Amino acid sequence: MPKQLIGLADAGRVRERVGGKAAVLGELAAQGWPVPPGFVVTADALTEPDLARALAEAAAHCGGGRFAVRSSGVAEDLPDASYAGLYETFLDVDVDGLADAVRRCFAAAHADRVRSYHDRRAPAAAPSAMAVLVQVMVDARAAGVAFTAHPVTGARDQIVLTAVAGVGESLVSGEQTGEEWTVTGDERPHRTRPTSDGAAVLDETQAGDVAAMAARVAVHYDRPQDIEWAIDTSGKLWLLQARPMTALPEPVSFTAPGPGLWMRNFRLGEWLPEAVTPLFGTWLLPELEAGYLDGMHSCIGVRVPFRWALVHDWYYTATPIPSPRVLARVILRGRSRAIKTLWHALIRVGRDPVAADRAVLSDLYRRWRDEQLPCYHQLVVQAEAELPAASPARVTQLVTAIAREAGQYMWFLAIVGGSAWKIEASLARFCREHLADTIDRAGGIQVLLRGLRTTQPAPASPHAVQSLDWYHPVAAELPAITTDHNAVTARHRQLAADREAAQAVCRTALAPRRRAEFDALLEVAQRYAAIREEQSRDLTLGWPVLRSCASRLGEHLSERHVLAGPGDVHFCTQAEVDAAVAGQATPHANAGADRRGTWEQHRRLMAPITIGQPPRLVGDVIDKAVRAARTGKAAEGAIVGHPASAGRATGPVHIIREPQDFESFADGEVLVAKATAPAWTPLFARAAAVVTDGGTLAAHASLVAREYGIPAVVGTSDATSHLHNGQIVTVDGNAGTVTRAAAVERANAQP
């Protein structure tokens with residue numbers, strides 16, 4: 001073999017000549033690991049007069065008739081610079097094509113994308129210092145990658161592997177997402193994501209073999225590894241590449257911050273679909289919570305705080321546990337108003353909604369409508385007028401005032417609008433007891449709450465938000481979403497007709513006394529379904545002004561070189577902003593960039609819906625409501641969530657992660673998102689169905705989906721990680737399930 005060609009088994013000793021990829025595989029091959037045989041072509045070989053003949057001779061020693069030709073740079077596969085996907089790879093090359101493939105690999109070393117990456121990540125190494133690795137092509141039945149630490153959470157006890165049928169190039173290049181398996185500790189492999197068509201690529205034994213090999217490589221190099229592998233048609237497992245994992249985050253775990261059950265899709269959590277930014281978490285969020293207690297105190301004379309916390313920047317809240325001192329004070333001081341209100345609004349509303357409405361809820365609604373809403377609106381108008389001439393110090397005061405007022409508004413939304421799902425549950429119990437067959441034939445309980453005149457679909461308000469976190473633009477700042485108004489109106493009329501027909505059928509089936517009870521219960525359920533949306537619509541009335549305030553503060557601090565740019569203000573804390581405005585101190589120079597990076601990492605985490613354990617005597621109240629609402633059983637492999645809007649629809653998945661995805665969303669697609677918010681409302685006119693990671697039966701997606709007459713499943717926890725664009729799914733809003741097409745076919749095929 002010419003000196004310009006180096007046998008793979010010898011490559012581990014001359015890394016400076018053969019590059020990182022070949023050196024690692026050469027070292028592993030020499031130690032007996034299952035590495036396909038091959039050789040390395042150094043840059044000097046390009047001057048060989050008869051390169052084709054030399055390559056053919058070297059190939060003959062390896063055996064096989066087809067080859068994989070890949071780059072191997074000196075600066076490649078380093079712990080802090082992988083160069084992944086930047087060089088060229090040529091697969092299934094015959095002997096006659098080796099010379100051309102080798103030359104093209106060397107030419108790729110000087111591509112603009114390589115030079116740009118090199119200058120940023122590995123400037124110490126010469127860009128031209130590379131070789132080309134030639135190996136016998138594995139006739140792959142399956143191939144993929146394996147990470148020996150979770151690439152998002154950083155968990156060192158988890159191996160995540162992805163597999164596709166055939167060669168793995170489509171997976172590495174991003175053309176396919178593949179089947180995903182996760183292995184945690186000594187547990188058995190668990191398929192965490194199927195392929196788009198539901199066909200299995202690996203079985204449990206094969207996944208375990210891949211994970212075991214990856215784990216041994218990680219132990220060998222004493223650090224987490226990113227490996228590529230293949231299983232040939234005979235069933236043999238091959239190691240194709242091993243490199244250190246780069247940019248691996250520190251391990252994170254979601255641990256309850258206190259006793260009890262903590263939920264991320266309850267109260268303010270319904271409006272916070274992802275990790276929050278530092279400025280929101282240290283300023284608006286505490287003020288909203290404080291304002292909530294202000295609203296409670298003004299109504300009932302006591303403050304019973306909810307426990308809330310940020311876990312890796314995700315909002316979690318737990319059921320309030322009043323201290324004995326608080327309870328004693330309420331009772332001993334004769335707080336009859338508090339006791340009466342809380343009893344009717346929290347307990348009796350689920351047992352006798354008509355009585356609860358008459359006793360306290362209707363009065364609270366009128367107080368919100370006649371006092372709180374006008375006060376909030378007036379404050380926002382005044383702040384908007386004052387803002388252009390306001391000093392930075394005054395801007396901070398306006399922020400606090402609006403946030404506090406919005407918190408009081410949230411109290412009314414929770415205590416009044418939040419009664420809607422409890423009243424609906426009461427209606428459902430009545431129908432199951434007295435109208436079981438009738439209501440099923442009519443289409444289910446939710447048919448009775450659709451097509452209401454007061455909930456007719458309308459365009460998103462200018463102040464509608466994607467999230468309460470003021471980092472995100474409001475609807476007025478987003479591209480307009482066009483909808484077919486005539487089609488929406490026609491759909492609403494049909495829903496109204498279906499509702500009226502269902503009501504008539506139910507009334508006919510009941511005896512006069514039960515009919516009167518049904519009429520009263522249905523009236524209050526329909527009224528509070530409308531109230532919930534009426535109150536939700538204006539919760540964020542102040543957000544355009546709040547965003548303007550944040551922009552003003554960011555501009556002020558960047559003009560004084562406190563921040564690198566105005567947007568960095570969202571990655572400061574309130575204390576830092578206050579100090580900087582007062583001229584007393586400044587945030588750390590890199591605070592914006594460092595915290596933005598941490599936030600970007602945290603927002604990619606799959607935060608669990610709940611953490612901790614519910615109190616034994618109370619249990620998980622939301623889970624109980626979900627079980628009561630669910631009808632039917634989930635098919636094997638189905639994604640299970642809350643049955644939020646009745647109906648069944650099939651269509652292609654379209655994952656919406658940000659407003660830039662709005663324009664490409666087409667009629668008849670299934671909208672899949674972490675959560676939906678009022679700014680996304682027009683998309684419902686196009687969607688066949690809605691699926692979200694977060695949310696509850698009373699969340700935005702649930703109620704708006706009903707208004708548009710489309711099925712919805714919410715609270716799935718991680719649908720966005722298990723589904724992918726174009727995948728055909730069936731959404732069953734009655735059972736609360738999302739079933740992939742292949743699973744549906746298998747279920748239908750069963751006798």
# chains A, B, ... in the order shown; residues from 1 in each chain; ligands from 1

$ residues_around --residues "Arg532 in chain A" --least-positions-apart "4" --cutoff "7 Å" --atoms "only C-alpha atoms" --output "list of chain:residue names"
A:Gly417, A:Gly418, A:Ala420, A:Tyr528, A:Ser536

$ closest_atom_pairs --of "range 429-504 of chain A" --to "range 258-268 of chain A" --cutoff "12 Å" --atoms "only C-alpha atoms" --output "JSON lines"
{"residue": "A:Ser467", "atom": "CA", "partner": "A:Leu268", "partner_atom": "CA", "distance": 9.9}
{"residue": "A:Leu468", "atom": "CA", "partner": "A:Leu268", "partner_atom": "CA", "distance": 8.2}
{"residue": "A:Asp469", "atom": "CA", "partner": "A:Leu268", "partner_atom": "CA", "distance": 10.5}

$ write_last_selection --atoms "all heavy atoms" --output "PDB file, in the first residue's frame"
ATOM      1  N   SER A 467     -48.209  34.230  24.624  1.00  0.00           N
ATOM      2  CA  SER A 467     -47.808  33.865  25.978  1.00  0.00           C
ATOM      3  C   SER A 467     -47.912  35.108  26.837  1.00  0.00           C
ATOM      4  O   SER A 467     -47.776  36.236  26.338  1.00  0.00           O
ATOM      5  CB  SER A 467     -46.361  33.354  25.965  1.00  0.00           C
ATOM      6  OG  SER A 467     -45.824  33.287  27.271  1.00  0.00           O
ATOM      7  N   LEU A 468     -48.148  34.935  28.129  1.00  0.00           N
ATOM      8  CA  LEU A 468     -48.123  36.083  29.033  1.00  0.00           C
ATOM      9  C   LEU A 468     -46.722  36.680  29.156  1.00  0.00           C
ATOM     10  O   LEU A 468     -46.574  37.831  29.567  1.00  0.00           O
ATOM     11  CB  LEU A 468     -48.609  35.673  30.427  1.00  0.00           C
ATOM     12  CG  LEU A 468     -50.104  35.430  30.615  1.00  0.00           C
ATOM     13  CD1 LEU A 468     -50.400  35.111  32.072  1.00  0.00           C
ATOM     14  CD2 LEU A 468     -50.929  36.625  30.156  1.00  0.00           C
ATOM     15  N   ASP A 469     -45.706  35.902  28.824  1.00  0.00           N
ATOM     16  CA  ASP A 469     -44.339  36.421  28.847  1.00  0.00           C
ATOM     17  C   ASP A 469     -44.228  37.523  27.800  1.00  0.00           C
ATOM     18  O   ASP A 469     -44.366  37.284  26.603  1.00  0.00           O
ATOM     19  CB  ASP A 469     -43.353  35.288  28.540  1.00  0.00           C
ATOM     20  CG  ASP A 469     -41.908  35.704  28.750  1.00  0.00           C
ATOM     21  OD1 ASP A 469     -41.622  36.928  28.798  1.00  0.00           O
ATOM     22  OD2 ASP A 469     -41.050  34.805  28.857  1.00  0.00           O
TER      23      ASP A 469
END

$ closest_residue --among "A:Leu342, A:Gln206, A:Glu169, A:Leu46" --to "Ala68 in chain A" --atoms "only C-alpha atoms"
A:Glu169

$ residues_around --residues "Leu413 in chain A" --least-positions-apart "6" --cutoff "9 Å" --atoms "only C-alpha atoms" --output "list in words"
Trp368, Ser419, Ile531, Arg532, Gln535, Ser536 and Leu539 of chain A

$ write_last_selection --atoms "all heavy atoms" --output "JSON list (two decimals), in the first residue's frame"
[["chain", "number", "residue", "atom", "x", "y", "z"],
["A", 368, "TRP", "N", -67.01, 42.22, 38.15],
["A", 368, "TRP", "CA", -65.94, 42.23, 37.13],
["A", 368, "TRP", "C", -66.35, 43.11, 35.95],
["A", 368, "TRP", "O", -65.55, 43.94, 35.49],
["A", 368, "TRP", "CB", -65.69, 40.80, 36.64],
["A", 368, "TRP", "CG", -64.85, 40.77, 35.39],
["A", 368, "TRP", "CD1", -63.50, 40.89, 35.30],
["A", 368, "TRP", "CD2", -65.33, 40.66, 34.05],
["A", 368, "TRP", "NE1", -63.10, 40.86, 33.98],
["A", 368, "TRP", "CE2", -64.21, 40.72, 33.19],
["A", 368, "TRP", "CE3", -66.60, 40.53, 33.47],
["A", 368, "TRP", "CZ2", -64.31, 40.65, 31.80],
["A", 368, "TRP", "CZ3", -66.71, 40.45, 32.09],
["A", 368, "TRP", "CH2", -65.58, 40.50, 31.27],
["A", 419, "SER", "N", -65.26, 28.73, 36.76],
["A", 419, "SER", "CA", -66.36, 27.86, 37.18],
["A", 419, "SER", "C", -66.95, 27.09, 36.01],
["A", 419, "SER", "O", -67.68, 26.11, 36.21],
["A", 419, "SER", "CB", -67.48, 28.70, 37.82],
["A", 419, "SER", "OG", -67.01, 29.36, 38.99],
["A", 531, "ILE", "N", -69.01, 33.31, 29.40],
["A", 531, "ILE", "CA", -68.29, 34.20, 30.32],
["A", 531, "ILE", "C", -66.80, 33.87, 30.34],
["A", 531, "ILE", "O", -65.96, 34.77, 30.36],
["A", 531, "ILE", "CB", -68.90, 34.08, 31.74],
["A", 531, "ILE", "CG1", -70.26, 34.78, 31.80],
["A", 531, "ILE", "CG2", -67.95, 34.69, 32.79],
["A", 531, "ILE", "CD1", -71.00, 34.58, 33.11],
["A", 532, "ARG", "N", -66.47, 32.58, 30.33],
["A", 532, "ARG", "CA", -65.05, 32.18, 30.35],
["A", 532, "ARG", "C", -64.29, 32.80, 29.18],
["A", 532, "ARG", "O", -63.21, 33.33, 29.35],
["A", 532, "ARG", "CB", -64.96, 30.64, 30.31],
["A", 532, "ARG", "CG", -63.53, 30.09, 30.20],
["A", 532, "ARG", "CD", -62.75, 30.39, 31.46],
["A", 532, "ARG", "NE", -61.51, 29.66, 31.54],
["A", 532, "ARG", "CZ", -60.37, 29.99, 30.92],
["A", 532, "ARG", "NH1", -60.35, 31.04, 30.14],
["A", 532, "ARG", "NH2", -59.28, 29.28, 31.09],
["A", 535, "GLN", "N", -64.16, 36.75, 29.50],
["A", 535, "GLN", "CA", -63.14, 37.22, 30.43],
["A", 535, "GLN", "C", -61.73, 36.94, 29.90],
["A", 535, "GLN", "O", -60.82, 37.76, 30.08],
["A", 535, "GLN", "CB", -63.34, 36.55, 31.79],
["A", 535, "GLN", "CG", -64.59, 37.01, 32.51],
["A", 535, "GLN", "CD", -64.65, 36.49, 33.94],
["A", 535, "GLN", "OE1", -64.41, 35.31, 34.18],
["A", 535, "GLN", "NE2", -64.99, 37.36, 34.87],
["A", 536, "SER", "N", -61.53, 35.80, 29.27],
["A", 536, "SER", "CA", -60.20, 35.47, 28.73],
["A", 536, "SER", "C", -59.77, 36.47, 27.68],
["A", 536, "SER", "O", -58.58, 36.80, 27.57],
["A", 536, "SER", "CB", -60.22, 34.06, 28.12],
["A", 536, "SER", "OG", -60.50, 33.09, 29.08],
["A", 539, "LEU", "N", -57.96, 39.61, 29.25],
["A", 539, "LEU", "CA", -56.95, 39.50, 30.30],
["A", 539, "LEU", "C", -55.67, 40.22, 29.91],
["A", 539, "LEU", "O", -55.02, 40.87, 30.74],
["A", 539, "LEU", "CB", -56.64, 38.02, 30.58],
["A", 539, "LEU", "CG", -55.45, 37.75, 31.50],
["A", 539, "LEU", "CD1", -55.70, 38.31, 32.90],
["A", 539, "LEU", "CD2", -55.14, 36.26, 31.58]]

$ select_by_dssp --residues "range 173-376 of chain A" --states "strand (DSSP E or B)" --output "ChimeraX atom specification"
/A:179-184,190-193,225-232,237-244,261-263,307-311,314-318

$ closest_residue --among "A:Leu427, A:Ala359, A:Ala679, A:Val381" --to "His463 in chain A" --atoms "only C-alpha atoms"
A:Ala679

$ atom_distance --atom1 "CA of Thr42 in chain A" --atom2 "CA of Val132 in chain A"
6.5 Å

$ residues_around --residues "Val569 in chain A" --least-positions-apart "2" --cutoff "10 Å" --atoms "only C-alpha atoms" --output "PDB file with N, CA, C and O atoms, in the first residue's frame"
ATOM      1  N   THR A 277     -38.768  34.063  30.331  1.00  0.00           N
ATOM      2  CA  THR A 277     -37.535  34.834  30.347  1.00  0.00           C
ATOM      3  C   THR A 277     -37.304  35.444  31.734  1.00  0.00           C
ATOM      4  O   THR A 277     -38.248  35.619  32.510  1.00  0.00           O
ATOM      5  N   PRO A 278     -36.055  35.795  32.051  1.00  0.00           N
ATOM      6  CA  PRO A 278     -35.754  36.301  33.398  1.00  0.00           C
ATOM      7  C   PRO A 278     -36.548  37.546  33.798  1.00  0.00           C
ATOM      8  O   PRO A 278     -36.978  37.649  34.950  1.00  0.00           O
ATOM      9  N   LEU A 279     -36.732  38.494  32.887  1.00  0.00           N
ATOM     10  CA  LEU A 279     -37.435  39.720  33.269  1.00  0.00           C
ATOM     11  C   LEU A 279     -38.888  39.429  33.613  1.00  0.00           C
ATOM     12  O   LEU A 279     -39.431  39.983  34.572  1.00  0.00           O
ATOM     13  N   TYR A 471     -41.976  38.907  26.401  1.00  0.00           N
ATOM     14  CA  TYR A 471     -40.923  38.767  25.394  1.00  0.00           C
ATOM     15  C   TYR A 471     -41.524  38.524  24.009  1.00  0.00           C
ATOM     16  O   TYR A 471     -40.964  38.922  22.990  1.00  0.00           O
ATOM     17  N   ALA A 550     -41.231  47.695  27.992  1.00  0.00           N
ATOM     18  CA  ALA A 550     -39.993  46.925  27.965  1.00  0.00           C
ATOM     19  C   ALA A 550     -39.064  47.439  26.876  1.00  0.00           C
ATOM     20  O   ALA A 550     -37.841  47.545  27.079  1.00  0.00           O
ATOM     21  N   SER A 551     -39.623  47.789  25.723  1.00  0.00           N
ATOM     22  CA  SER A 551     -38.803  48.323  24.635  1.00  0.00           C
ATOM     23  C   SER A 551     -38.159  49.645  25.031  1.00  0.00           C
ATOM     24  O   SER A 551     -36.972  49.883  24.741  1.00  0.00           O
ATOM     25  N   ARG A 552     -38.940  50.489  25.691  1.00  0.00           N
ATOM     26  CA  ARG A 552     -38.395  51.781  26.137  1.00  0.00           C
ATOM     27  C   ARG A 552     -37.233  51.567  27.098  1.00  0.00           C
ATOM     28  O   ARG A 552     -36.191  52.230  27.003  1.00  0.00           O
ATOM     29  N   LEU A 553     -37.401  50.665  28.033  1.00  0.00           N
ATOM     30  CA  LEU A 553     -36.340  50.407  29.006  1.00  0.00           C
ATOM     31  C   LEU A 553     -35.117  49.805  28.322  1.00  0.00           C
ATOM     32  O   LEU A 553     -33.971  50.168  28.629  1.00  0.00           O
ATOM     33  N   GLY A 554     -35.340  48.887  27.382  1.00  0.00           N
ATOM     34  CA  GLY A 554     -34.219  48.292  26.666  1.00  0.00           C
ATOM     35  C   GLY A 554     -33.451  49.312  25.858  1.00  0.00           C
ATOM     36  O   GLY A 554     -32.208  49.305  25.827  1.00  0.00           O
ATOM     37  N   GLU A 555     -34.171  50.204  25.196  1.00  0.00           N
ATOM     38  CA  GLU A 555     -33.510  51.251  24.411  1.00  0.00           C
ATOM     39  C   GLU A 555     -32.727  52.195  25.315  1.00  0.00           C
ATOM     40  O   GLU A 555     -31.597  52.600  24.989  1.00  0.00           O
ATOM     41  N   HIS A 556     -33.326  52.544  26.439  1.00  0.00           N
ATOM     42  CA  HIS A 556     -32.654  53.443  27.377  1.00  0.00           C
ATOM     43  C   HIS A 556     -31.339  52.837  27.868  1.00  0.00           C
ATOM     44  O   HIS A 556     -30.298  53.519  27.892  1.00  0.00           O
ATOM     45  N   LEU A 557     -31.365  51.566  28.242  1.00  0.00           N
ATOM     46  CA  LEU A 557     -30.168  50.938  28.788  1.00  0.00           C
ATOM     47  C   LEU A 557     -29.133  50.641  27.708  1.00  0.00           C
ATOM     48  O   LEU A 557     -27.924  50.688  27.976  1.00  0.00           O
ATOM     49  N   SER A 558     -29.574  50.358  26.496  1.00  0.00           N
ATOM     50  CA  SER A 558     -28.598  50.110  25.429  1.00  0.00           C
ATOM     51  C   SER A 558     -27.959  51.417  24.964  1.00  0.00           C
ATOM     52  O   SER A 558     -26.774  51.449  24.617  1.00  0.00           O
ATOM     53  N   VAL A 562     -25.375  50.028  28.787  1.00  0.00           N
ATOM     54  CA  VAL A 562     -25.567  49.067  29.865  1.00  0.00           C
ATOM     55  C   VAL A 562     -25.858  47.685  29.271  1.00  0.00           C
ATOM     56  O   VAL A 562     -25.429  46.664  29.797  1.00  0.00           O
ATOM     57  N   LEU A 563     -26.594  47.687  28.157  1.00  0.00           N
ATOM     58  CA  LEU A 563     -26.917  46.453  27.453  1.00  0.00           C
ATOM     59  C   LEU A 563     -26.375  46.506  26.035  1.00  0.00           C
ATOM     60  O   LEU A 563     -26.260  47.585  25.438  1.00  0.00           O
ATOM     61  N   ALA A 564     -26.072  45.324  25.484  1.00  0.00           N
ATOM     62  CA  ALA A 564     -25.566  45.276  24.114  1.00  0.00           C
ATOM     63  C   ALA A 564     -26.649  45.652  23.115  1.00  0.00           C
ATOM     64  O   ALA A 564     -26.363  46.225  22.056  1.00  0.00           O
ATOM     65  N   GLY A 565     -27.889  45.353  23.421  1.00  0.00           N
ATOM     66  CA  GLY A 565     -29.005  45.684  22.547  1.00  0.00           C
ATOM     67  C   GLY A 565     -30.281  45.782  23.340  1.00  0.00           C
ATOM     68  O   GLY A 565     -30.383  45.221  24.443  1.00  0.00           O
ATOM     69  N   PRO A 566     -31.319  46.457  22.816  1.00  0.00           N
ATOM     70  CA  PRO A 566     -32.569  46.635  23.562  1.00  0.00           C
ATOM     71  C   PRO A 566     -33.218  45.319  23.974  1.00  0.00           C
ATOM     72  O   PRO A 566     -33.784  45.208  25.054  1.00  0.00           O
ATOM     73  N   GLY A 567     -33.135  44.290  23.114  1.00  0.00           N
ATOM     74  CA  GLY A 567     -33.775  43.019  23.422  1.00  0.00           C
ATOM     75  C   GLY A 567     -33.186  42.303  24.617  1.00  0.00           C
ATOM     76  O   GLY A 567     -33.844  41.440  25.220  1.00  0.00           O
ATOM     77  N   PHE A 571     -33.570  39.597  29.378  1.00  0.00           N
ATOM     78  CA  PHE A 571     -32.714  38.601  30.021  1.00  0.00           C
ATOM     79  C   PHE A 571     -31.975  39.190  31.216  1.00  0.00           C
ATOM     80  O   PHE A 571     -31.007  38.621  31.704  1.00  0.00           O
ATOM     81  N   CYS A 572     -32.506  40.320  31.685  1.00  0.00           N
ATOM     82  CA  CYS A 572     -32.082  40.898  32.962  1.00  0.00           C
ATOM     83  C   CYS A 572     -33.147  40.571  34.005  1.00  0.00           C
ATOM     84  O   CYS A 572     -34.253  40.148  33.676  1.00  0.00           O
ATOM     85  N   THR A 573     -32.821  40.802  35.264  1.00  0.00           N
ATOM     86  CA  THR A 573     -33.817  40.671  36.321  1.00  0.00           C
ATOM     87  C   THR A 573     -34.406  42.040  36.616  1.00  0.00           C
ATOM     88  O   THR A 573     -33.841  43.079  36.234  1.00  0.00           O
ATOM     89  N   GLN A 574     -35.525  42.064  37.314  1.00  0.00           N
ATOM     90  CA  GLN A 574     -36.128  43.347  37.680  1.00  0.00           C
ATOM     91  C   GLN A 574     -35.164  44.165  38.534  1.00  0.00           C
ATOM     92  O   GLN A 574     -35.027  45.377  38.339  1.00  0.00           O
ATOM     93  N   GLU A 576     -31.967  44.192  38.521  1.00  0.00           N
ATOM     94  CA  GLU A 576     -30.907  44.762  37.679  1.00  0.00           C
ATOM     95  C   GLU A 576     -31.413  45.950  36.879  1.00  0.00           C
ATOM     96  O   GLU A 576     -30.715  46.959  36.744  1.00  0.00           O
ATOM     97  N   VAL A 577     -32.619  45.837  36.354  1.00  0.00           N
ATOM     98  CA  VAL A 577     -33.182  46.952  35.592  1.00  0.00           C
ATOM     99  C   VAL A 577     -33.409  48.153  36.499  1.00  0.00           C
ATOM    100  O   VAL A 577     -33.063  49.294  36.146  1.00  0.00           O
ATOM    101  N   PRO A 587     -26.176  45.431  34.819  1.00  0.00           N
ATOM    102  CA  PRO A 587     -26.094  43.981  34.668  1.00  0.00           C
ATOM    103  C   PRO A 587     -24.713  43.573  34.182  1.00  0.00           C
ATOM    104  O   PRO A 587     -23.975  44.384  33.614  1.00  0.00           O
ATOM    105  N   ALA A 591     -24.536  39.170  30.509  1.00  0.00           N
ATOM    106  CA  ALA A 591     -25.750  38.601  31.095  1.00  0.00           C
ATOM    107  C   ALA A 591     -26.780  38.259  30.028  1.00  0.00           C
ATOM    108  O   ALA A 591     -27.391  37.190  30.055  1.00  0.00           O
ATOM    109  N   GLY A 592     -26.969  39.162  29.083  1.00  0.00           N
ATOM    110  CA  GLY A 592     -27.971  38.928  28.046  1.00  0.00           C
ATOM    111  C   GLY A 592     -27.684  37.676  27.248  1.00  0.00           C
ATOM    112  O   GLY A 592     -28.534  36.800  27.101  1.00  0.00           O
TER     113      GLY A 592
END

$ closest_residue --among "A:Ala52, A:Ala607, A:Pro678, A:Ile710" --to "Ala475 in chain A" --atoms "only C-alpha atoms"
A:Pro678

$ residues_around --residues "Gly641 in chain A" --least-positions-apart "4" --cutoff "10 Å" --atoms "only C-alpha atoms" --output "ChimeraX atom specification"
/A:626,630,691-696,712-719,733,735-738

$ closest_residue --among "A:Ala458, A:Val160, A:Ala502, A:Ala575" --to "Glu707 in chain A" --atoms "only C-alpha atoms"
A:Ala458

$ select_by_dssp --residues "range 195-329 of chain A" --states "alpha helix (DSSP H)" --output "MDAnalysis selection string"
chainID A and resid 204:221 278:279 285:300 324:329

$ atom_distance --atom1 "CA of Asp186 in chain A" --atom2 "CA of Ser721 in chain A"
23.5 Å

$ closest_residue --among "A:Arg740, A:His570, A:His642, A:Arg657" --to "Thr282 in chain A" --atoms "only C-alpha atoms"
A:His570

$ closest_residue --among "A:Pro257, A:Gly291, A:Pro37, A:Gly144" --to "Arg307 in chain A" --atoms "only C-alpha atoms"
A:Pro257

$ atom_distance --atom1 "CA of Gly651 in chain A" --atom2 "CA of Gly668 in chain A"
6.3 Å

$ residues_around --residues "His722 in chain A" --least-positions-apart "5" --cutoff "12 Å" --atoms "only C-alpha atoms" --output "VMD selection string"
chain A and resid 177 to 181 191 to 196 198 606 637 to 640 653 655 672 to 674 691 to 693 716 to 717 727 729 738 to 740
